[in-house]
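Colleague: Quick one: the structure is below, and I'll ask about it shortly.
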Amino acid sequence: MKPVYLRILVLSGILSMACTTKVSEWVLLNSEANNYLLVYYHKDPVTEPVKKQNEQIGREINSANIQFRSILRNDIEKPYYALIYGNRLFSTYNNHAELKNLSVSPLREKIASELMSGMLCVMLYLKTGNPEKDAPASEIIKRTVAASPFREVVSVRELDRSSTEEKHFVSMLLNVENDLKEINEPMLFGIFARFKALEPLLARGISTENINLMIDFLTADCSCLIKDNLPGTDILFTNNWENPLPALVNRILDENPALLHH
Amino acid sequence: MKLIAIFFSLFVTSLSGSGHYDWPMWRFDHGRSASTPEQLADKLFLQWQVNYSPREPVWDDPLNQNLMQYDRIFEPIVAENKLFIGFNDQDKVSALDISSGMELWHFFTDGPVRLPLAYSKGKIFFTSDDGYLYCLSAESGQLLWKKMLAPASNKLLGNKRFISMWPARGGIVIQDDVIYTASSIFPLMGTFIYAINAADGEIIWKNEGTGSNYILQPHNSPAFADIAPQGCFTISGDRLLVAGGRSVPAGFDKATGEKLFYQLAPSGKTGGAFTCANDRVFFNHHRERLTGMYDSENGKKLIPVAGEYPVIEGDKIYFSGKDITCVFLDESKKLDTLWTIDVPAGTDLIKAGNCLYAADSSGIYAVRISGSGKPELVWKYSPEKVIDRLVASNGKLIAVANDGTIMAFGDKAADRVLVHEKAVAGPRKVSGKIQRLISSAGISEGYALVFGSDMGLLSGLMKETSLRTVVYEKDRQKVEALREHFNKLGIHADRLMFLEFEKPNPVLPKYFSSLTVINENFGFDNEFLEMIYESTRPYGGKILIRTGRTEREELERTFLSLNLYGAVMKSDRLYSMITREGSLEGSSAWTHNYGDIANTVKSDDKRVRAPLGILWFGGNSNMDVLPRHGHGPGEQVVDGRLIIESLNGISARDVYTGRVLWKRDFRSLKDDFWLVYYDESYDEENPLDPKYNQVHLPGSNARGTNFIATREYVYVIEGDTCHFVDIKTGDLIKSFTTGDEETKELGYIGVYEDLLILGKNFSEYTGLENDSMKIKNPKFTDYNLTASNELIVVNRFTGERIWSMESNHGFIHNSVIAGDDILFCLDKLPQYVETKLKRRGESPPEGSRLLYVDIRSGRILNEVTEDVFGTWLGYSSEHRLLLQATRPSRDMLHGEEGNRMITYNVLTGEKIWDKALKYANPPIIHNDKIYTNGEGFHLLTGEILFEKDPLTQEDLKWNFKREYGCGIVAASEHLLTFRSASAGFVNLDVFEGTGSLGGWKAGCSTNLIAADGVLNSPDYTRTCQCPYQNQTSLALVYMPWMTYWTNSNYKWDGKKIRQFGLNLNAPGDRTSENNTLWMEYPFVSGSDPGIPVRMDTLNYYRIRKEPISVVSRGTPWVSASALCGVRSFELTIADDEDVTETWYTVKLYFSELENKKPGERVLNISLQGEEVLRNFDIVSEAGKTDKEVIKSFTGIRAGRTLRLDLIPLEGNTIISGVEMIEEKTACKY
């Protein structure tokens, strides 16, 4: 299979009259994350303790890309919380405790901080927990990024699928496509802008060519076409996305014009 | 104090004696206040009534008709006890006695009178679509003077009428005996705004450079298109508010004509021709009868929706509507409500003395406002008609109904109400000879030209045909008599128009006349015959020349000597007949969704090239077109017919006139189109609602077209049936079905020579139902409408089935093409699915293939299974080359990224090249090049296209810029065309950037198609509410004298400039015939090219005229603008300090644009510090003002800089352009 064939298979249509801002930078600066919706479904009137508890939840997620509302439903047996993105139900939660750290977690903070510091993207490697499956792909990722001219602006982070600390994050990643939860394979998510996760490379799809194509997309000139059809799913996170540091990729491209897309 | 001054002014200008007041212009005064001091009687009685026919408004669709209501009904003015009205169908102005309604006089014009009239000091003023401002005696109707507002006498078809290329639709406003008006409604044609002395017609100022300004259009995207004057002008304080037709008005300095503001883009989806004002704010049309309130100082919106059309009495505003509301405009320009009264004023409201008069479908009401300011209903009248306009003047209340009736009410009950009916007779009997003559031509529809009058022939044409006829007659008195005669018969100018024939020959629109008759003794010469032939419609237009035998022989000799393309002559006892057969030389058709069955996205039309001017506009409605953002199939053009689709059917229009030829509805087409070309966001019922109407869909970008136009039939897919529609008549000839029950729907359709290729049943790609991308954006992931399961090839005349072939996955519609008897197609999964599989490390399924099939037999000639990708094929017959690609563009399915192209040698089946190329348009195959949306590649190598930098001659990557606009780029031989804010193009013949055709909105779905010698632009903006200057269909043709402007993202690289022009105060760039790229300076449009220019000035200012106003051999667009007060220029022509000096020819361009007389402006000129010209007097040298003078100096040595000094000896300096061309040969020291 020739590399040129592979090039067509991932992302990125580039308008020739595109703006010279790169995709990753443009989206970080201009494209606000889509909101999640957290719904408290209840059958009976909300009691004072639950009301206070919900107010507490509201405060906790106040700065994140999420809205919270209560909805009365007669067709449920007991109250619960539901996390919705677009028209899709991501997860349900039985109580306040299960919602803890819904919009914050250590890894998400780390990733956000890297994005705000001008990194092109964070390659998040979601491991299965099975070393036989995880190790080969991990090696490909490391080798590919290390060989990339953009290695300084691409960071690689790993996350175990069974992480308790990052369970909400894992859940959201596995909702990026509808069938990921059923696929027990290593996955590589490109995360960029205001915490947008691209559809993942998975299993044998974690290849040097595909990783480079993902980088290609993020380093391409932005265009109306990309803006119209921006891929990826927004991850829920509490952050102030204003005033990020300048994109580091521009320096690399300035110094190596040959890397510019033609 | 201001109010007193206004009142005094009104008293002086409007008091007509007996304590009554005139109503001298539309809505009474220059502020269009609709408030007069005239005090009518307490009770009013109907005294007379004149019944005219209802008016047919100028524009064709509901939104335009709402935004521009200026000729929707009669708009009377009143003065000297007379009522004056203009006619848009009879092309005349009439005066009626206000006491009786009897007509006192009428005056015919050379075009429709669409805008309201104005009166001042015994004179009536009005404009006409003929491009003139007229001044008549109010007493007698005698013409006192007329002034051509248009820059030339050229004609075109506009709104189905034969009018000036620059129709005068600036509705006159008069203040202090100064008339303000304008001509031209399309900025690309130039706009001309005037202040004219009402006493003698002398021009006080003329603004003619504004139309070309590079300004933000709606969507905040720029183009060369400023205000397009259309509608009644208004005065607010020292501001002249120039009506913008569909947009908010522009503010001009009333004293100087300088444009002060035009808030086109910031105002959003609002605007219209109606404006009224006091001296601080103005109210402008929004929708229905609602208005927004704006600051007259800067044009900024103060209140988006203030109320319905108001009456203005200083700072007291009375809003009409379902009730009447009185508000007060306070110091901070806010409105405080004073009172509301429940009296309906749904159609009009005026104030006369202490009464408000309101009109509504229920009647006319008078509301008296007492001294304390309280309103009280005092009178009501209930006519059977809907009154839409009220006027109070000279003791009468005039009411105009929407059916053409004018009623007058006075203070006394009439014994008998005088009712004047306008009786019509009809043409006289037609002789057999004339009948034979007409029938021998065989043309009964369209437009006709007649030279020399023959009553019998004209009666015959009126009786036997529906031809709209223009008659040229040499005798002026005869013209008047003919107008009188036919007008009395009820045959009006919109059907039969008479014009005086004067030498030099009239400048007629090209190609418009289906039948031209030259009557005996009219005479002809070569020039005349050539002109007539040029105006004759291709594809069978006829010229009948009625001659005697001697004259006929002479005619035949003359005709043969002219060697006219396509002309065929035959003679009869009564006449000689020349037929213009076939197409225009060098023209070509555009069929299928992408130009032809080979998907070249290119028309071979060689006639359409820059500069372009308008051939016709208006005359058909966008209601016969699909909603814009559904991106349904574009128009197809063949043999002079433009075929376009609507929700219910299909229609044909004449390419050369815009005339609707036929429409055919299909019962279930709308069902087929549901969720394909429109969806639930489409609101058919509310065309005036500014809400977003019809979201973007991939439409035919993904599905492909469902119809194909050919010379014989239009083939239309409806469900499982393909209809054969006669392209000449619209008649349904045949309907084809496969005959098997398996066929649920037909998908693909294409025509190759005598074969019709159909796709049977859409391929369904399973497993996508729950895909996350589909859930996120279902309308852009419906791959199940993009391919057909089976291809069936049938004889397209008989319907006989020839062969069929089943797919493995699906024949992708955008890839089914043909050429040189081979059908090519891709049988594979959608690109998105393959991408997803690859991302997951899975291989595409077996069976994906690229096929070459013998189109005659269905035999597979070649089956390619390696490197099968994409969704697009294109074919170059010239190079026997097949191009494989994707089809990326806006409003396309997910996954259609343009990252790769492959070409194959069709003769050998071998791959020629395979490259990773980025592009974002269906690849255009243009001879040996591929063009996309800004990128160019060599077809034979795949290499990126370079051209020569026009300044430095260094290699430069070919590209162009494009501002906002959906739709793809389409090509013809000389141009790429696309929407770029307005309409845009790239001239492929030279380097000059992206050109604007400013003044209307090109289609959101691709509609700028060069075919049949015309750049076709059918209005494909249905459901668009943006206030572009015009929203209409139009066609453009090559007009060498026309102006256009371009801009680009060109950046100078600092290398030595070899050839360059600075076009001073031009609105944009352009390349001259000698390949000099002339850039505007100062750099105002687009990006700065980075060429340092240092300029020393004293008493500096800028001037710009329209190039048509300047006499020049080839560069009026250089000499029409200038900088004044420039003392020196220093132009950096190389970055390198040590660059070698070379020799240049420097040409300086001048034109006396300020009307200076000889001796009033004298200059000395130096180049590089050496005097090259002494005592240079432009006007003396030119012999007249507004004439170009070029001074050329050779052997000018220049290294890093070029310096020019202008030393004024008399008056100020002026200069239009500086051109420098490096000399090829070494020059003397």
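In the structure tokens, chains take the letters A, B, ... in the order shown, each chain's residues start at 1, and ligands count up from 1 in the order shown.
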For chain B, which residues have at least one atom within 6 Å of chain A, if we go by only C-alpha atoms? Write them as number ranges by chain, please.
Modeller: B: 772, 835, 839-841, 890, 897-899, 916, 918-920, 934-935, 961
Colleague: Which residues are near Phe68 in chain A? Cut-off 8 Å, only C-alpha atoms, ignore same chain within fewer than 5 positions. Put them as a tab-separated table (two decimals) with all heavy atoms, in the first residue's frame.
Modeller:
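Wrote it out as selection.tsv, contents follow:
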chain	number	residue	atom	x	y	z
A	37	LEU	N	-25.31	18.26	28.08
A	37	LEU	CA	-26.51	18.52	28.88
A	37	LEU	C	-26.59	17.45	29.97
A	37	LEU	O	-26.54	16.25	29.67
A	37	LEU	CB	-27.75	18.45	27.98
A	37	LEU	CG	-29.09	18.68	28.67
A	37	LEU	CD1	-29.19	20.10	29.22
A	37	LEU	CD2	-30.25	18.43	27.69
A	38	LEU	N	-26.66	17.92	31.20
A	38	LEU	CA	-26.86	16.99	32.31
A	38	LEU	C	-28.30	17.17	32.79
A	38	LEU	O	-28.71	18.29	33.12
A	38	LEU	CB	-25.89	17.31	33.45
A	38	LEU	CG	-25.99	16.38	34.67
A	38	LEU	CD1	-25.59	14.95	34.32
A	38	LEU	CD2	-25.13	16.90	35.82
A	39	VAL	N	-29.03	16.09	32.76
A	39	VAL	CA	-30.46	16.18	33.13
A	39	VAL	C	-30.71	15.35	34.39
A	39	VAL	O	-30.24	14.21	34.50
A	39	VAL	CB	-31.36	15.64	31.99
A	39	VAL	CG1	-32.83	15.76	32.37
A	39	VAL	CG2	-31.09	16.38	30.70
A	40	TYR	N	-31.43	15.96	35.30
A	40	TYR	CA	-31.89	15.21	36.48
A	40	TYR	C	-33.35	14.83	36.23
A	40	TYR	O	-34.23	15.69	36.19
A	40	TYR	CB	-31.77	16.07	37.74
A	40	TYR	CG	-32.34	15.39	38.97
A	40	TYR	CD1	-31.77	14.20	39.47
A	40	TYR	CD2	-33.44	15.92	39.64
A	40	TYR	CE1	-32.30	13.58	40.59
A	40	TYR	CE2	-33.97	15.31	40.76
A	40	TYR	CZ	-33.40	14.12	41.23
A	40	TYR	OH	-33.92	13.48	42.32
A	58	GLY	N	-24.57	21.91	40.22
A	58	GLY	CA	-24.54	23.07	39.33
A	58	GLY	C	-23.28	23.91	39.55
A	58	GLY	O	-22.66	24.38	38.60
Colleague: Give me, as a PyMOL selection string, all polymer residues having an atom no more than 8 Å from Thr1201 in chain B, counting only C-alpha atoms and skipping those fewer than 3 positions away in the same chain.
Modeller: chain B and resi 1130-1134+1198
Colleague: Could you tell me which of A:Thr128, A:Asn74, A:Gln67, A:Gln56 comes closest to His96 in chain A if we count only C-alpha atoms?
Modeller: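 So, comparing all the options, the nearest one is A:Gln56.
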Colleague: What residues in range 51-230 of chain A get the DSSP label alpha helix (DSSP H)? Please answer as a count of residues only.
Modeller: 62
Colleague: Determine, counting only C-alpha atoms, which protein, DNA and RNA residues have an atom within 8 Å of an atom of range 1154-1167 of chain B; residues of the same chain fewer than 5 positions away are not included. Present the result as a list in words.
Modeller: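 Everything that qualifies: Val1172, Leu1173, Arg1174, Asn1175, Phe1176, Asp1177, Ile1178, Val1179, Ser1180, Thr1185, Asp1186, Ile1196, Leu1202, Arg1203, Leu1204, Asp1205, Leu1206, Ile1207, Pro1208, Leu1209, Glu1210, Gly1211, Asn1212 and Thr1213 of chain B.
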Colleague: Could you check how far CA of Leu951 in chain B sits from CA of Arg609 in chain B, in Å to one decimal?
Modeller: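 CA of Arg609 in chain B lies at a distance of 23.5 Å from CA of Leu951 in chain B.
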Colleague: Out of range 102-219 of chain B, which residues get strand (DSSP E) from DSSP, as a PyMOL selection string?
Modeller: chain B and resi 103-108+118-120+123-127+132-137+143-148+155-158+161-164+170-171+173-175+178-183+192-197+203-207+214-217
Colleague: If you count only C-alpha atoms, which residues fall within 8 Å of Thr871 in chain B, apart from same-chain ones fewer than 3 positions away, as JSON, numbers by chain?
Modeller: {"B": [812, 814, 815, 826, 830, 831, 884, 885, 886, 887, 896]}
Colleague: Excluding Val714 in chain B and its own-chain neighbours fewer than 5 positions away, which residues fall within 8 Å of it when counting only C-alpha atoms? Please give them as JSON, numbers by chain.
Modeller: {"B": [707, 708, 709, 723, 724, 725, 726, 727]}
Colleague: Could the residues in this selection be written to a file with N, CA, C and O atoms, as a compact mmCIF listing (two decimals), in the first residue's frame?
Modeller:
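Writing done, so here's out12.txt:
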# COMPACT_ATOMS: atom_id res chain seq x y z
N PHE B 707 -32.06 15.59 -13.94
CA PHE B 707 -32.54 15.90 -15.29
C PHE B 707 -31.35 16.20 -16.20
O PHE B 707 -30.28 16.62 -15.73
N ILE B 708 -31.54 16.00 -17.46
CA ILE B 708 -30.52 16.29 -18.46
C ILE B 708 -31.20 17.00 -19.63
O ILE B 708 -32.23 16.54 -20.12
N ALA B 709 -30.61 18.09 -20.07
CA ALA B 709 -31.14 18.81 -21.23
C ALA B 709 -30.33 18.45 -22.47
O ALA B 709 -29.11 18.40 -22.43
N HIS B 723 -38.98 10.83 -17.77
CA HIS B 723 -39.84 11.50 -18.74
C HIS B 723 -39.01 12.12 -19.86
O HIS B 723 -37.94 12.68 -19.60
N PHE B 724 -39.53 12.03 -21.07
CA PHE B 724 -38.92 12.70 -22.22
C PHE B 724 -39.79 13.94 -22.50
O PHE B 724 -40.94 13.80 -22.93
N VAL B 725 -39.24 15.11 -22.26
CA VAL B 725 -40.00 16.35 -22.45
C VAL B 725 -39.43 17.08 -23.66
O VAL B 725 -38.21 17.30 -23.75
N ASP B 726 -40.29 17.44 -24.57
CA ASP B 726 -39.85 18.18 -25.76
C ASP B 726 -39.24 19.50 -25.33
O ASP B 726 -39.91 20.33 -24.71
N ILE B 727 -38.00 19.72 -25.65
CA ILE B 727 -37.33 20.94 -25.16
C ILE B 727 -37.84 22.20 -25.84
O ILE B 727 -37.71 23.30 -25.31
Colleague: Leaving out Asp75 in chain A and any residue of its chain fewer than 6 positions from it, which residues lie within 12 Å of it when counting only C-alpha atoms, given as a ChimeraX atom specification?
Modeller: /A:41-44
Colleague: Which residue, B:Ile717, B:Val178, B:Leu457, B:Ala223, has the smallest gap to Gly984 in chain B when you use only C-alpha atoms?
Modeller: B:Ala223
Colleague: Just give me the gap between CA of Pro187 in chain B and CA of Ala225 in chain B in Å, one decimal is fine.
Modeller: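 It comes out at 5.3 Å.
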